[in-house]
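Down below is the structure, laid out as structure tokens.
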Amino acid sequence: MDSRVEDDSGTENKGSMWVLDQKLDQPMDEEAERLRIMYREKKFSMLLLLRLAFQSLGVVFGDLGTSPLYVFYNTFPGKIDDPEDVIGALSLIIYSLTLIPLLKYVLVVCKANDNGQGGTFALYSLLCRHAKVKIIPNQHRTDEELTTYSRSTFHEQSYAAKTKRWLEGHASRKNSLLLLVLLGTCMVIGDGILTPAISVLSAVGGIKVRGPSMDPDIIIVVAALILVGLFSMQHYGTDRVGWLFAPIVLLWFLMIGGIGMYNIWKYDSSVLKAFSPVYIYRYFRRNGKNGWTSLGGIMLSITGTEALFADLAHFPVLAVQIAFIVVVFPCLLLAYCGQAAYLTQNHEHVVDAFYNSIPGSIYWPVFLVATAAAIVASQATISATFSIIKQALAHGCFPRVKVVHTSKNFLGQIYVPDINWILMILCISVTAGFKNQSQIGNAYGTAVVVVMLVTTLLMALIMILVWRCHWLLVVIFTGLSLLVEGTYFSAVLFKVDQGGWVPLVIAAAFLLIMYVWHYGTVKRYEFEMHSKVSMAWILGLGPSLGLVRVPGIGLVYTELASGVPHIFSHFITNLPAIHSVVVFVCVKYLPVYTVPAEERFLVKRIGPKNFHMFRCVARYGYKDLHKKDDDFEKKLFDSLFMFVRLESMMEGCSDSDEYSIYGQQTEQSREGLLNNNGNTTSSSVDLTISSLDSIVPIKSPAHMNSNTVVSSGQVSSQTEVDELEFLNNCRDAGVVHILGNTVVRASRDSRFYKKIAVDYIYAFLRKICRENSVIFNVPHESLLNVGQIFFV
């Protein structure tokens with residue numbers, strides 16, 4: 001008997017003994033050819049890495065690469081009084097690029113990714129796996145056995161263990177950590193609004209350099225039209241519209257690097273002395289407070305660095321590092337040195353320093369490439385915004401919105417229609433409202449520096465809990481980062497009234513929405529936990545549950561992974577009948593980027609067999625999308641049927657000392673089940689066998705469908721056949737999805753701000769967000785809503 005079984009994707013999972021037999025029978029020439037292929041793959045791995053580094057230019061570095069369009073204008077919004085000020089500003093730009101993007105992000109922060117995923121919530125997910133800081137305690141010990149659930153352990157007396165206990169010690173610390181993460185997320189959303197505005201407006205502004213008499217309003221109209229076109233293309237996804245991004249950005253970097261070299265040679269090569277930090281000291285001594293506030297413009301030279309980390313998902317860290325060190329960093333240095341060389345001879349051209357420094361013969365080609373590069377930079381930030389909102393949604397921190405996967409090949413490429421149009425409206429409003437780069441630049445700088453400060457604080461915890469670094473290294477990294485970024489933050493505070501208030505208002509609005517939604521989600525979960533029904537009550541009802549059992553299967557959706565939900569008792573109290581088979585379905589998200597399909601479901605029985613009650617826990621990561629499982633119902637029933645077979649098989653071995661029906665994991669379950677030929681089958685789905693209300697995983701054969709007959713050295717019992725036939729008949733009779741429609745209200749003695757948050761803001765968000773039935777892809781003809789209300 002061949003032990004191969006096919007999984008959902010059509011690939012084959014082979015039993016380990018079968019694989020061994022195949023290797024022994026394999027002809028020597030085929031084995032030699034396989035070795036040659038492996039050698040070639042290793043030989044060309046560097047070529048593949050270079051290709052990925054090239055592709056990363058279009059997705060990761062677009063925002064950082066367009067900064068030369070507006071940095072010097074925002075640093076010197078008035079005029080340049082002293083030529084040496086240009087050298088001082090250039091020196092600040094050089095060391096800012098070296099300390100923040102290169103040393104901090106590319107060499108350190110990028111390594112703190114969650115299985116390749118970057119961004120604020122990716123760091124938060126890492127922390128949630130290493131410490132119990134998640135506000136909703138819906139994790140179970142079986143979740144830690146997932147292949148994507150990587151975590152480290154440490155000694156009880158270590159500094160990491162003490163930090164972990166300190167974080168877990170009080171709810172206020174967990175809330176503070178969550179607020180810090182939400183603040184960083186809201187500022188990234190602000191970047192998604194401000195980046196397209198300043199990038200496109202700065203690029204299109206090159207028209208007026210060759211047409212000084214042109215009405216400025218025309219520039220605004222052209223920028224707005226480009227923004228409308230950019231946001232209208234988002235539904236195609238980066239996989240379709242981004243195939244030419246990398247060549248455009250590479251051409252852009254080569255152009256600005258070449259122009260920089262030309263200007264250094266033509267105007268003033270002495271600007272290269274800016275590599276000496278002495279000129280930073282002279283710059284501040286000469287300009288005082290004005291020099292300090294000009295740091296808000298210098299700050300724009302490192303904008304896009306936070307998007308670099310958020311867009312990390314599609315490329316290996318080494319590919320990103322190669323692209324930055326080989327192409328991005330040297331070209332940016334040349335571009336800024338070239339502009340500084342030009343400005344030392346042309347002080348009056350600081351307003352449009354980039355376009356004025358372009359040689360006349362190549363002006364229009366550079367203008368077209370600059371506009372295209374600005375669009376690419378905007379695309380990268382918008383994609384990062386979609387990604388981080390999806391992560392917030394999975395953590396219960398954002399209202400349920402429609403999320404569309406735009407690529408079958410890349411899990412992280414998504415499109416959020418509602419957020420897309422909100423971003424477009426806000427982006428055009430900012431562009432039309434300010435009408436100049438200076439105030440938008442002030443706003444942009446505020447958003448960027450706050451995100452960097454949040455990342456620094458989270459990285460300190462990552463270094464302690466995840467990397468287990470020595471406390472001295474943590475202090476050095478955190479201290480240097482806070483020193484540099486705190487300096488920039490103090491500078492942008494002077495410009496809050498000059499446009500810097502915009503991201504603060506945007507962040508405050510989104511922070512209010514996200515925190516209120518998370519608060520309502522937590523209170524709803526606590527209500528479910530406190531009002532769940534005991535197993536003794538269910539057992540007391542008897543096999544009929546005290547009601548008429550009608551043919552069919554009832555899928556009762558709940559947020560609980562254990563216990564009988566209140567919605568069930570509420571349902572059977574008001575209706576005189578229940579289905580012959582009841583399955584409690586819990587769909588929950590874990591702090592991992594994805595849960596492999598073969599590890600998604602946990603199934604267990606509730607009560608005795610003649611009750612026909614089960615629990616199914618479907619687990620997802622923050623990059624997964626539940627609605628993507630169009631055959632979710634089929635997979636659920638396949639797992640249910642498989643559970644019944646395994647339960648019968650293990651009962652046949654119940655006289656063994658190694659097995660207990662109460663859920664003790666056996667050596668046989670760890671080592672695999674044997675088929676008729678004595679071959680061991682590999683495990684792929686975690687199921688559970690227990691009469692108690694706990695989840696203990698028992699490993700099972702891989703991907704067996706409902707018609708597969710499984711044997712363990714003996715014929716399946718008649719009981720198994722009868723129950724499988726019963727389940728099939730109930731499934732044919734019809735499946736009904738029972739969802740709770742919970743209404744949350746503030747109690748009468750609540751304070752006024754709590755009543756506003758719960759009765760108005762949260763209620764409004766619940767009204768406009770997507771229904772659970774749409775999220776779960778439930779057909780309307782088989783949907784049954786059960787209403788309930790509770791007070792917080």
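We label chains A, B, ... in the order they appear in the structure tokens, count residues from 1 in each chain, and number ligands from 1 in the order shown.
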Any chance you could list, as a PyMOL selection string, the residues in segment 312-416 of chain A that come up strand (DSSP E) when DSSP is run on the backbone? chain A and resi 404-405+414-415
Mind checking which residues fall within 12 Å of Leu727 of chain A, counting only C-alpha atoms, ignoring those fewer than 3 positions away in the same chain, and posting them as a PyMOL selection string? chain A and resi 551-554+579-583+612-614+637-638+640-642+644+706+720-724+730-735
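In this comparison, which uses only C-alpha atoms, the residue of A:Ser172, A:Thr185, A:Thr153, A:Asn574 approaching Ala392 of chain A most closely is A:Thr185.
Taking atom CA of Ala341 of chain A as the reference point, atom CA of Asp82 of chain A is found at 13.5 Å.
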Kindly give the distance, in Å, that separates atom CA of Val228 of chain A and atom CA of Phe434 of chain A, rounded to a single decimal.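 Computing it gives 17.6 Å between the two atoms.
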Counting only C-alpha atoms, which residue out of A:Thr344, A:Thr456, A:Ser67, A:Asn175 sits closest to Ile93 of chain A?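 Selected residue with least distance to Ile93 of chain A: A:Ser67.
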Env of Phe231 of chain A: 9 Å cut, atoms = only C-alpha atoms, seq-sep filter 2 positions within chain, self excluded. Answer as a list in words. Ile226, Leu227, Val228, Gly229, Met233, Gln234, His235, Gln379, Ile382, Asn420, Trp421, Leu423 and Met424 of chain A
Write a file of the just-selected residues containing N, CA and C atoms, as a short mmCIF file (atom, residue, chain, number, x, y, z; two decimals), in the first residue's frame.
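Generated output (selection-v2.cif):
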```
data_model
loop_
_atom_site.label_atom_id
_atom_site.label_comp_id
_atom_site.auth_asym_id
_atom_site.auth_seq_id
_atom_site.Cartn_x
_atom_site.Cartn_y
_atom_site.Cartn_z
N ILE A 226 -2.37 63.41 -10.24
CA ILE A 226 -1.46 62.26 -10.12
C ILE A 226 -1.81 61.43 -8.90
N LEU A 227 -2.16 62.09 -7.79
CA LEU A 227 -2.52 61.36 -6.57
C LEU A 227 -3.80 60.55 -6.77
N VAL A 228 -4.78 61.13 -7.46
CA VAL A 228 -6.03 60.40 -7.75
C VAL A 228 -5.73 59.15 -8.57
N GLY A 229 -4.87 59.31 -9.60
CA GLY A 229 -4.50 58.16 -10.42
C GLY A 229 -3.74 57.12 -9.61
N MET A 233 -5.16 53.14 -8.75
CA MET A 233 -4.50 51.93 -9.25
C MET A 233 -4.24 50.90 -8.16
N GLN A 234 -4.52 51.26 -6.91
CA GLN A 234 -4.13 50.38 -5.81
C GLN A 234 -4.82 49.01 -5.85
N HIS A 235 -6.03 48.95 -6.42
CA HIS A 235 -6.75 47.68 -6.40
C HIS A 235 -6.10 46.64 -7.31
N GLN A 379 3.81 54.67 -3.52
CA GLN A 379 3.28 53.30 -3.55
C GLN A 379 3.84 52.47 -2.40
N ILE A 382 2.13 53.53 0.88
CA ILE A 382 0.72 53.11 0.91
C ILE A 382 0.62 51.61 1.18
N ASN A 420 -7.91 52.94 1.58
CA ASN A 420 -7.33 53.55 0.38
C ASN A 420 -7.98 54.88 0.06
N TRP A 421 -9.32 54.91 0.08
CA TRP A 421 -10.02 56.15 -0.28
C TRP A 421 -9.91 57.19 0.81
N LEU A 423 -7.24 57.53 2.73
CA LEU A 423 -5.89 58.08 2.52
C LEU A 423 -5.87 59.07 1.37
N MET A 424 -6.57 58.74 0.27
CA MET A 424 -6.58 59.63 -0.89
C MET A 424 -7.20 60.98 -0.55
#
```
